[in-house]
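Coordinates as given in upload_1.txt (compact mmCIF, C-alpha atoms and all ligand atoms):
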```
# COMPACT_ATOMS: atom_id res chain seq x y z
CA MET A 157 0.00 0.00 0.00
CA ASN A 158 1.10 3.50 -0.81
CA ARG A 159 2.64 5.10 2.30
CA ALA A 160 0.60 8.28 2.06
CA VAL A 161 -2.67 6.35 1.99
CA SER A 162 -1.63 4.22 4.89
CA SER A 163 -0.72 7.23 6.97
CA ILE A 164 -4.09 8.87 6.31
CA ARG A 165 -5.79 5.67 7.39
CA SER A 166 -3.72 5.38 10.48
CA ARG A 167 -4.57 8.89 11.52
CA ARG A 168 -8.21 7.93 11.67
CA HIS A 169 -8.01 4.46 13.12
CA VAL A 170 -4.82 4.13 15.04
CA ALA A 171 -4.40 5.22 18.59
CA ARG A 172 -1.31 7.10 19.52
CA LEU A 173 0.08 5.78 22.70
CA GLY A 174 3.21 7.83 23.15
CA PHE A 175 4.37 8.24 26.67
CA SER A 176 8.09 8.06 26.64
CA ARG A 177 9.58 8.19 30.10
CA ALA A 178 10.37 11.88 29.76
CA ALA A 179 6.97 12.83 28.39
CA ALA A 180 5.09 10.73 30.91
CA SER A 181 6.67 12.35 33.89
CA SER A 182 6.86 15.90 32.58
CA SER A 183 3.19 16.83 32.35
CA GLN A 184 -0.29 15.34 32.43
CA ALA A 185 -1.02 16.62 28.92
CA ALA A 186 1.96 14.71 27.57
CA VAL A 187 0.74 11.58 29.30
CA GLU A 188 -2.37 11.64 27.15
CA ALA A 189 -0.42 12.14 23.92
CA TRP A 190 -0.49 9.65 21.06
CA ASP A 191 2.14 8.16 18.80
CA GLY A 192 0.17 5.71 16.67
CA ARG A 193 1.94 2.64 18.01
CA PHE A 194 -0.99 0.29 17.50
CA ARG A 195 -4.53 -0.02 16.26
CA LEU A 196 -7.50 0.20 18.58
CA HIS A 197 -10.15 -2.49 18.27
CA LYS A 198 -13.66 -1.09 18.39
CA PRO A 199 -15.27 -4.51 18.98
CA ARG A 200 -13.22 -4.67 22.20
CA GLY A 201 -14.61 -1.31 23.23
CA GLN A 202 -11.22 0.33 22.83
CA HIS A 203 -12.25 3.95 23.04
CA LEU A 204 -9.72 5.75 25.18
CA LEU A 205 -10.91 8.58 27.37
CA THR A 206 -8.56 11.45 26.63
CA ASN A 207 -10.07 14.59 28.17
CA PRO A 208 -7.94 15.28 31.27
CA ARG A 209 -10.74 17.22 32.95
CA VAL A 210 -13.12 14.28 32.67
CA LEU A 211 -10.44 11.85 33.85
CA ASP A 212 -9.74 14.10 36.85
CA ALA A 213 -13.46 14.34 37.60
CA ILE A 214 -13.84 10.55 37.62
CA ALA A 215 -10.92 10.21 40.03
CA ARG A 216 -12.43 12.95 42.22
CA HIS A 217 -15.88 11.31 42.27
CA ALA A 218 -14.29 8.01 43.28
CA ALA A 219 -13.13 9.72 46.51
CA LEU A 220 -10.38 7.22 47.15
CA ARG A 221 -9.13 6.95 50.72
CA PRO A 222 -5.73 6.11 52.10
CA GLY A 223 -5.33 2.35 52.17
CA ASP A 224 -8.01 1.64 49.55
CA ALA A 225 -7.59 -1.32 47.23
CA VAL A 226 -8.93 -0.26 43.83
CA LEU A 227 -10.19 -2.48 41.02
CA GLU A 228 -10.05 -1.10 37.49
CA VAL A 229 -11.55 -2.96 34.52
CA GLY A 230 -10.05 -2.29 31.09
CA PRO A 231 -7.26 0.18 31.95
CA GLY A 232 -6.31 0.53 28.28
CA THR A 233 -3.22 2.69 28.02
CA GLY A 234 -3.68 3.88 31.58
CA ASN A 235 -5.22 7.35 31.28
CA LEU A 236 -7.41 6.71 34.32
CA THR A 237 -4.98 4.28 35.95
CA VAL A 238 -2.31 6.95 36.45
CA ARG A 239 -4.81 9.06 38.37
CA LEU A 240 -5.82 6.15 40.56
CA LEU A 241 -2.15 5.37 41.18
CA SER A 242 -1.46 9.00 42.15
CA SER A 243 -4.40 9.03 44.60
CA PRO A 244 -4.18 8.19 48.31
CA ALA A 245 -5.28 4.61 47.46
CA ALA A 246 -2.82 1.93 48.47
CA HIS A 247 -3.10 -0.32 45.45
CA VAL A 248 -4.69 -0.67 42.03
CA SER A 249 -5.51 -4.02 40.40
CA ALA A 250 -6.32 -3.58 36.73
CA VAL A 251 -7.89 -6.35 34.64
CA GLU A 252 -7.05 -6.06 30.93
CA ILE A 253 -7.69 -8.50 28.09
CA ASP A 254 -5.36 -7.02 25.46
CA LEU A 255 -1.66 -7.79 25.93
CA ARG A 256 -0.63 -4.60 24.13
CA MET A 257 -2.60 -2.60 26.68
CA VAL A 258 -1.15 -4.63 29.54
CA GLU A 259 2.30 -3.66 28.30
CA ALA A 260 1.32 -0.03 27.80
CA VAL A 261 -0.21 0.51 31.23
CA THR A 262 2.64 -1.35 32.93
CA ALA A 263 5.25 0.79 31.16
CA ARG A 264 3.38 3.91 32.10
CA ALA A 265 3.24 3.03 35.80
CA ASP A 266 6.98 2.25 35.61
CA ALA A 267 7.69 5.60 34.01
CA LEU A 268 5.89 7.36 36.84
CA GLY A 269 7.67 5.32 39.50
CA LEU A 270 4.29 3.93 40.65
CA SER A 271 4.56 0.32 39.54
CA HIS A 272 4.78 -0.87 43.16
CA LYS A 273 1.12 0.19 43.51
CA LEU A 274 -0.11 -1.60 40.37
CA THR A 275 -1.01 -5.21 39.62
CA VAL A 276 -2.18 -5.89 36.08
CA ILE A 277 -4.26 -9.03 35.69
CA THR A 278 -4.29 -10.27 32.12
CA GLY A 279 -7.65 -11.77 31.23
CA ASP A 280 -11.34 -11.31 30.56
CA ALA A 281 -12.90 -9.29 33.37
CA VAL A 282 -16.11 -11.31 33.10
CA GLU A 283 -14.22 -14.56 33.66
CA VAL A 284 -11.30 -13.91 36.02
CA GLU A 285 -11.61 -13.96 39.78
CA PHE A 286 -11.18 -10.41 41.09
CA PRO A 287 -8.86 -9.79 44.02
CA GLU A 288 -10.43 -8.17 47.08
CA PHE A 289 -11.12 -4.49 46.51
CA ASP A 290 -12.73 -1.56 48.32
CA VAL A 291 -13.67 0.50 45.30
CA CYS A 292 -14.08 -0.22 41.60
CA VAL A 293 -13.30 2.70 39.28
CA ALA A 294 -13.35 2.16 35.55
CA ASN A 295 -14.12 3.32 32.08
CA ILE A 296 -15.16 -0.14 31.01
CA PRO A 297 -15.67 -1.69 27.57
CA TYR A 298 -19.41 -1.05 27.18
CA GLY A 299 -20.08 -4.48 25.69
CA ILE A 300 -19.59 -6.12 29.09
CA SER A 301 -21.63 -3.62 31.15
CA SER A 302 -24.41 -6.00 32.10
CA PRO A 303 -22.36 -9.13 32.95
CA LEU A 304 -19.78 -7.03 34.77
CA ILE A 305 -22.36 -5.34 37.00
CA ALA A 306 -23.97 -8.74 37.58
CA LYS A 307 -20.59 -10.10 38.60
CA LEU A 308 -19.82 -7.19 40.93
CA LEU A 309 -23.20 -7.35 42.68
CA PHE A 310 -24.22 -11.01 42.47
CA GLY A 311 -21.18 -12.89 41.25
CA GLY A 312 -18.83 -15.14 43.10
CA ARG A 313 -21.70 -16.11 45.41
CA GLY A 314 -21.98 -12.50 46.47
CA HIS A 315 -18.55 -12.46 48.03
CA TYR A 316 -17.32 -9.20 46.53
CA ARG A 317 -17.72 -6.73 49.35
CA PHE A 318 -16.90 -3.23 48.27
CA ARG A 319 -17.80 0.33 49.19
CA ALA A 320 -18.68 1.68 45.76
CA ALA A 321 -18.25 1.24 42.03
CA THR A 322 -17.78 4.39 39.94
CA LEU A 323 -18.27 3.33 36.34
CA LEU A 324 -18.37 5.12 33.03
CA LEU A 325 -21.14 3.50 30.98
CA GLN A 326 -23.02 4.08 27.78
CA LYS A 327 -25.47 6.90 28.49
CA GLU A 328 -28.62 4.93 27.62
CA PHE A 329 -27.48 1.96 29.68
CA ALA A 330 -26.76 4.28 32.61
CA ARG A 331 -30.29 5.76 32.36
CA ARG A 332 -31.76 2.27 32.47
CA LEU A 333 -29.57 1.28 35.39
CA VAL A 334 -30.81 4.14 37.59
CA ALA A 335 -34.45 4.07 36.43
CA ALA A 336 -37.23 3.84 39.02
CA PRO A 337 -40.46 1.80 38.80
CA GLY A 338 -42.87 3.57 36.46
CA ASP A 339 -40.10 5.28 34.44
CA PRO A 340 -40.28 4.32 30.76
CA GLU A 341 -36.77 2.81 30.98
CA TYR A 342 -37.52 0.71 34.07
CA ASN A 343 -36.45 -2.85 33.48
CA ARG A 344 -35.08 -6.05 34.95
CA LEU A 345 -31.54 -4.70 35.26
CA ALA A 346 -32.70 -1.77 37.39
CA ALA A 347 -34.99 -3.95 39.51
CA ASN A 348 -32.18 -6.41 40.19
CA VAL A 349 -29.61 -3.76 40.99
CA ARG A 350 -32.09 -1.98 43.27
CA MET A 351 -32.50 -5.15 45.26
CA VAL A 352 -28.95 -4.96 46.57
CA ALA A 353 -27.57 -1.49 45.83
CA ASP A 354 -28.25 2.19 45.26
CA ALA A 355 -27.26 3.54 41.85
CA ARG A 356 -27.09 7.20 40.83
CA LEU A 357 -25.91 9.27 37.89
CA LEU A 358 -22.91 11.49 38.56
CA MET A 359 -22.33 13.23 35.22
CA ASP A 360 -22.65 12.90 31.47
CA VAL A 361 -19.56 12.63 29.27
CA SER A 362 -19.51 13.54 25.58
CA LYS A 363 -18.41 11.03 22.96
CA ARG A 364 -15.99 13.74 21.81
CA ASP A 365 -13.88 13.08 24.91
CA PHE A 366 -12.79 9.68 23.54
CA VAL A 367 -10.36 8.50 20.86
CA PRO A 368 -11.48 7.06 18.55
CA MET A 369 -14.82 8.84 18.99
CA PRO A 370 -17.57 6.28 19.67
CA LYS A 371 -21.13 6.59 18.33
CA VAL A 372 -22.61 6.98 21.80
CA ASP A 373 -22.35 9.40 24.70
CA SER A 374 -21.49 8.21 28.18
CA SER A 375 -22.50 8.75 31.80
CA LEU A 376 -20.65 8.25 35.02
CA VAL A 377 -22.61 6.22 37.54
CA GLU A 378 -22.01 5.34 41.16
CA ILE A 379 -23.26 2.02 42.50
CA VAL A 380 -23.22 1.63 46.27
CA PRO A 381 -24.00 -1.86 47.53
CA ARG A 382 -26.14 -1.96 50.65
CA PRO A 383 -24.60 -3.92 53.48
CA ALA A 384 -26.07 -7.45 53.46
CA ASP A 385 -27.87 -6.91 56.78
CA ALA A 386 -29.53 -3.72 55.52
CA ALA A 387 -30.70 -5.14 52.20
CA ALA A 388 -34.15 -4.08 51.01
CA ALA A 389 -35.47 -7.54 51.73
CA PRO A 390 -33.41 -9.58 54.13
CA GLY A 391 -33.65 -13.29 53.57
CA VAL A 392 -34.39 -13.00 49.86
CA ASP A 393 -33.21 -16.03 47.89
CA LEU A 394 -31.28 -14.05 45.27
CA PRO A 395 -31.02 -16.75 42.58
CA GLU A 396 -34.78 -17.29 42.90
CA TRP A 397 -35.40 -13.52 42.72
CA LEU A 398 -33.20 -13.18 39.60
CA ALA A 399 -35.04 -16.03 37.87
CA PHE A 400 -38.38 -14.47 38.89
CA THR A 401 -37.50 -11.04 37.47
CA ARG A 402 -36.33 -12.77 34.29
CA ALA A 403 -39.79 -14.32 33.97
CA CYS A 404 -41.57 -11.03 34.72
CA PHE A 405 -39.54 -8.57 32.67
CA GLY A 406 -39.24 -10.61 29.46
CA GLN A 407 -42.47 -8.87 28.52
CA LYS A 408 -42.45 -5.97 30.91
CA ASN A 409 -45.36 -4.17 29.28
CA LYS A 410 -47.78 -7.06 29.60
CA THR A 411 -49.76 -7.44 32.77
CA LEU A 412 -48.59 -10.07 35.21
CA GLY A 413 -51.89 -11.86 34.65
CA ALA A 414 -51.18 -12.13 30.91
CA ILE A 415 -47.54 -13.11 31.44
CA PHE A 416 -48.34 -15.99 33.77
CA LYS A 417 -51.28 -17.22 31.72
CA GLN A 418 -49.11 -18.23 28.75
CA LYS A 419 -49.02 -21.95 28.34
CA ARG A 420 -45.33 -22.11 27.61
CA LYS A 421 -44.57 -20.18 30.76
CA VAL A 422 -46.91 -22.31 32.87
CA LEU A 423 -45.24 -25.41 31.53
CA GLU A 424 -41.75 -24.11 32.15
CA LEU A 425 -42.64 -23.13 35.72
CA PHE A 426 -44.29 -26.49 36.24
CA ARG A 427 -41.06 -28.26 35.23
CA ARG A 428 -38.88 -25.98 37.33
CA SER A 429 -41.11 -26.38 40.35
CA ARG A 430 -40.95 -30.18 40.01
CA ASP A 431 -37.16 -29.98 39.69
CA ALA A 432 -36.91 -27.68 42.70
CA GLU A 433 -39.07 -30.09 44.69
CA GLY A 434 -36.74 -32.93 43.64
CA ARG A 435 -33.70 -30.93 44.73
CA HIS A 436 -35.37 -30.21 48.05
CA ASP A 437 -36.19 -33.89 48.56
CA ASP A 438 -32.57 -34.77 47.85
CA ASP A 439 -31.56 -32.12 50.35
CA ASP A 440 -29.21 -30.76 47.73
CA SER A 441 -29.57 -27.03 47.31
CA GLY A 442 -27.09 -25.91 44.62
CA SER A 443 -29.13 -22.76 44.12
CA SER A 444 -26.20 -20.38 44.13
CA SER A 445 -24.87 -21.64 40.83
CA SER A 446 -28.03 -20.67 38.98
CA SER A 447 -27.53 -19.65 35.39
CA SER A 448 -29.72 -16.64 36.14
CA LEU A 449 -26.69 -15.09 37.81
CA VAL A 450 -24.92 -14.81 34.51
CA ALA A 451 -26.83 -11.77 33.32
CA LEU A 452 -28.96 -9.17 34.98
CA GLY A 453 -30.97 -8.08 32.02
CA GLY A 454 -30.84 -4.70 30.45
CA ASP A 455 -30.06 -5.95 26.98
CA ASP A 456 -32.96 -8.29 26.51
CA ASP A 457 -36.04 -6.62 27.85
CA GLY A 458 -37.73 -6.22 24.50
CA GLU A 459 -41.13 -7.54 23.67
CA ILE A 460 -39.96 -11.03 22.95
CA SER A 461 -42.83 -13.35 22.26
CA ASP A 462 -42.80 -16.18 24.70
CA GLY A 463 -45.34 -18.37 23.05
CA ASP A 464 -49.04 -17.76 23.18
CA SER A 465 -52.12 -19.30 24.60
CA ASN A 466 -52.90 -21.43 21.58
CA GLU A 467 -49.99 -23.72 22.21
CA SER A 468 -50.65 -27.25 23.31
CA TYR A 469 -49.11 -28.93 26.31
CA ASP A 470 -47.19 -31.39 24.17
CA GLY A 471 -43.91 -32.35 25.73
CA ALA A 472 -45.01 -31.93 29.34
CA GLY A 473 -42.62 -34.67 30.32
CA GLY A 474 -45.10 -37.35 31.26
CA PHE A 475 -47.38 -35.24 33.41
CA SER A 476 -51.08 -35.14 32.76
CA GLU A 477 -53.21 -32.26 31.61
CA GLU A 478 -54.93 -32.40 35.01
CA GLU A 479 -51.70 -31.93 36.94
CA ILE A 480 -50.78 -28.99 34.81
CA ALA A 481 -54.25 -27.48 35.08
CA ALA A 482 -53.98 -27.75 38.87
CA PHE A 483 -50.60 -26.02 38.73
CA LYS A 484 -52.07 -23.28 36.59
CA ALA A 485 -54.80 -22.79 39.17
CA LYS A 486 -52.11 -22.34 41.84
CA ILE A 487 -50.50 -19.61 39.75
CA GLY A 488 -53.91 -17.96 39.38
CA GLY A 489 -54.47 -18.20 43.13
CA ALA A 490 -51.16 -16.53 43.94
CA LEU A 491 -51.84 -13.74 41.46
CA GLU A 492 -55.32 -13.22 42.81
CA SER A 493 -54.26 -12.93 46.42
CA SER A 494 -51.47 -10.52 45.42
CA GLU A 495 -54.04 -8.30 43.64
CA LEU A 496 -51.30 -7.59 41.11
CA ALA A 497 -52.66 -9.55 38.13
CA GLY A 498 -53.71 -6.38 36.32
CA LYS A 499 -50.39 -4.62 36.91
CA ARG A 500 -47.33 -4.40 34.66
CA PRO A 501 -44.02 -5.43 36.21
CA SER A 502 -42.32 -2.22 35.09
CA LYS A 503 -44.65 -0.21 37.33
CA LEU A 504 -44.11 -2.23 40.49
CA SER A 505 -41.70 -1.70 43.35
CA ASN A 506 -39.41 -4.52 44.41
CA GLU A 507 -41.48 -4.87 47.59
CA GLU A 508 -44.61 -5.58 45.51
CA LEU A 509 -42.77 -7.98 43.21
CA LEU A 510 -41.25 -9.73 46.19
CA ARG A 511 -44.67 -10.12 47.78
CA LEU A 512 -45.85 -11.86 44.62
CA LEU A 513 -42.74 -14.07 44.53
CA ARG A 514 -43.39 -15.17 48.11
CA LEU A 515 -47.01 -16.00 47.30
CA PHE A 516 -45.78 -18.10 44.37
CA ASN A 517 -43.12 -19.82 46.48
CA ASP A 518 -45.61 -20.52 49.30
CA ARG A 519 -47.64 -22.50 46.78
CA GLY A 520 -44.61 -24.48 45.58
CA ILE A 521 -44.19 -22.42 42.41
CA ARG A 522 -40.44 -22.05 41.86
CA PHE A 523 -38.52 -20.06 39.29
CA GLN A 524 -35.19 -21.82 39.34
N1 LIG B 601 -10.05 2.77 30.65
C1 LIG B 601 -9.27 3.17 29.47
C2 LIG B 601 -9.57 2.31 28.27
C3 LIG B 601 -10.99 2.12 27.91
S1 LIG B 601 -11.17 1.18 26.46
C4 LIG B 601 -9.53 4.62 29.18
O1 LIG B 601 -10.44 5.19 29.77
O2 LIG B 601 -8.85 5.21 28.37
C5 LIG B 601 -11.67 -0.39 27.14
C6 LIG B 601 -10.51 -1.26 27.55
O3 LIG B 601 -11.05 -2.50 28.03
C7 LIG B 601 -9.56 -1.63 26.43
O4 LIG B 601 -8.24 -1.50 26.89
C8 LIG B 601 -9.88 -3.09 26.12
O5 LIG B 601 -8.78 -3.83 25.64
C9 LIG B 601 -10.33 -3.59 27.48
N2 LIG B 601 -11.23 -4.75 27.44
C10 LIG B 601 -12.15 -5.08 26.50
N3 LIG B 601 -12.83 -6.19 26.84
C11 LIG B 601 -12.34 -6.59 28.05
C12 LIG B 601 -12.62 -7.67 28.92
N4 LIG B 601 -13.58 -8.55 28.62
N5 LIG B 601 -11.91 -7.78 30.07
C13 LIG B 601 -10.94 -6.88 30.36
N6 LIG B 601 -10.63 -5.83 29.58
C14 LIG B 601 -11.31 -5.67 28.43
```
Since I need it in another form, could you write the structure as C-alpha cells?
Amino acid sequence: MNRAVSSIRSRRHVARLGFSRAAASSSQAAVEAWDGRFRLHKPRGQHLLTNPRVLDAIARHAALRPGDAVLEVGPGTGNLTVRLLSSPAAHVSAVEIDLRMVEAVTARADALGLSHKLTVITGDAVEVEFPEFDVCVANIPYGISSPLIAKLLFGGRGHYRFRAATLLLQKEFARRLVAAPGDPEYNRLAANVRMVADARLLMDVSKRDFVPMPKVDSSLVEIVPRPADAAAAPGVDLPEWLAFTRACFGQKNKTLGAIFKQKRKVLELFRRSRDAEGRHDDDDSGSSSSSSLVALGGDDDGEISDGDSNESYDGAGGFSEEEIAAFKAKIGGALESSELAGKRPSKLSNEELLRLLRLFNDRGIRFQ
C-alpha cells in the first residue's frame, strides 16, 4: 500500500500511545499524547478517554481513601490508571484483556515510578476472579456492562464486598440502570440492581472526549451496595429472585396476569417447580450456581414473544393435563391474592414484586 494512503488511514483508526519516560513524567497533557503505536479495536470497546478534565473528575468522584484497594476494569493505556495510582489509594488491580494494553499501562506506571502500587491481571474481566477491593473505578468496555455489574453485585456467590463502584457507561445503559419503577426505561436490570444497591448518575460525558470517537455518549454512575444486613429484603433467595424477574420482565409491558397465563410459561414453571421439589427432597440445594446469575438483564427486555395461549401442552414430560391445570390454578391463586394480576411489572416496586414471589413460592411455584 502507498505510504501516504496508509498514513491517512492510520490517523483515523490508530491510537497514539506515546508516553516516553520523559513525556510521561513531565506533564499530564503529555501523558495523554499519542504516537500511533498500535490499532485500537472497536469490537473490544477500545475507546480511550482522553479529556484530562473528565479523567480528573472521575478520580475525584471516586473519593479514594488512604489504604483503599482499587479495582479497574479495562485500563487501556492507563489514562485513568495513572490518576488512581497517584491518589491516596494503596493499590490498584487492573484487569485487561489485550496484551498490548497490559504492556502499555505497565510501562506507564513504571515511568511514573508507581509500579509498586499496580497489579495488572491479564484476562477477561467477566471470567477472572477479582482480588479483594474496596472500590471499583473504571471506564469499562461497554459491551460487558451487564455481565460485569452482575458479577460485581451477584457474582462469586456475592462475596465481593466493596464500598462503591464508579463506572463510566453508555449513556442509555446508565439511564436504564438508575431508572425507578414507572419510568419508561424501568427494566429487569434496574430492579435487580435496586434489590442490593443504590445507583445514581454522577455526570454525562460527551463522545468527543474519547479517541477514537464512539457513536454513543457516556455517563458516570455510582453504584453503592447496601450492606447485606440492611438489604431491602433480608432473607431473599437471590437466585430465585433473579429467575423471577427474568420471567416477569421478558415482557415488561404485559400485565402479570397475561404473562403468567401463557401456556409455555406455565409449563416451564411447572417443570422448574418439580425440579426444585426434587432438589429439596434430595436435600441438595445448589441454588447459588443458577444460570440466572450470569446476566442481569438490560439488553434483553424487549417484547420477545414467549409463546401464546394457543400452544398445546405437548412435551409436558409425562405429566397429565390435570396436573398442569392444577398447577395453573395455583399460579392464578397466587396472582389473585397478590391483587397484582392487572399490573405491569415495570410499574411495580421490588417490595410488591417480592410479595408476589413469596405468594408463588408458598404454593410451591419455583422459578429456578
Ligand atoms: N479505561 C481506558 C480504556 C478504555 S477502552 C480509558 O479510559 O482510556 C476499554 C478497555 O477495556 C480496552 O483496553 C480493552 O482492551 C479492554 N477490554 C475489552 N474487553 C475486556 C474484557 N472482557 N476484560 C478486560 N478488559 C477488556
Contacts with ligand LIG 601 (chain B) at most 8 Å, only C-alpha atoms and all ligand atoms counted, listed as a ChimeraX atom specification = /A:197,200-206,211,228-237,251-254,257,278-283,294-300,366
Selection: 10 Å around Leu358 of chain A, only C-alpha atoms, excl. self and same-chain fewer than 5 positions, as a PDB file with C-alpha atoms, keeping the file's coordinate frame:
```
ATOM      1  CA  ALA A 213     -13.460  14.340  37.600  1.00  0.00           C
ATOM      2  CA  ILE A 214     -13.840  10.550  37.620  1.00  0.00           C
ATOM      3  CA  HIS A 217     -15.880  11.310  42.270  1.00  0.00           C
ATOM      4  CA  THR A 322     -17.780   4.390  39.940  1.00  0.00           C
ATOM      5  CA  LEU A 323     -18.270   3.330  36.340  1.00  0.00           C
ATOM      6  CA  LEU A 324     -18.370   5.120  33.030  1.00  0.00           C
ATOM      7  CA  SER A 375     -22.500   8.750  31.800  1.00  0.00           C
ATOM      8  CA  LEU A 376     -20.650   8.250  35.020  1.00  0.00           C
ATOM      9  CA  VAL A 377     -22.610   6.220  37.540  1.00  0.00           C
ATOM     10  CA  GLU A 378     -22.010   5.340  41.160  1.00  0.00           C
TER      11      GLU A 378
END
```
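Considering the residues A:Gly311, A:Ala250, A:Lys198, A:Arg382 and counting only C-alpha atoms, Pro368 of chain A has its shortest atom-to-atom contact with A:Lys198.
Atom CA of Glu492 of chain A sits 19.0 Å away from atom CA of Lys408 of chain A.
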What is the distance between atom CA of Pro501 of chain A and atom CA of Cys404 of chain A, in Å to one decimal?
-> 6.3 Å
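Here the question is which of A:Arg350, A:His315, A:Lys484, A:Arg500 gets nearest to Gln407 of chain A using only C-alpha atoms, and that residue is A:Arg500.
Coordinates place atom CA of Ile487 of chain A at a distance of 11.6 Å from atom CA of Ala414 of chain A.
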Given only C-alpha atoms as the counted atoms, nearest of A:Ala481, A:Gly406, A:Pro337, A:Arg356 to Glu508 of chain A = A:Pro337
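Across A:Gly413, A:Pro244, A:Gly520, A:Gly434, the tightest approach to Ala497 of chain A is made by A:Gly413 when counting all atoms listed in the file.
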Would you mind telling me which residue in A:Lys273, A:Pro383, A:Ala432, A:Ala263 lies nearest to Arg239 of chain A when using only C-alpha atoms?
-> A:Lys273
Ref. answer, residues at most 12 Å from (-45.0, -5.3, 33.1) with all atoms listed in the file, as a PyMOL selection string = chain A and resi 337-344+347+401-416+457-459+496-505+509
Could you check which of A:Leu513, A:Leu220, A:Val226, A:Leu274 is closest to Trp397 of chain A, using all atoms listed in the file?
-> A:Leu513
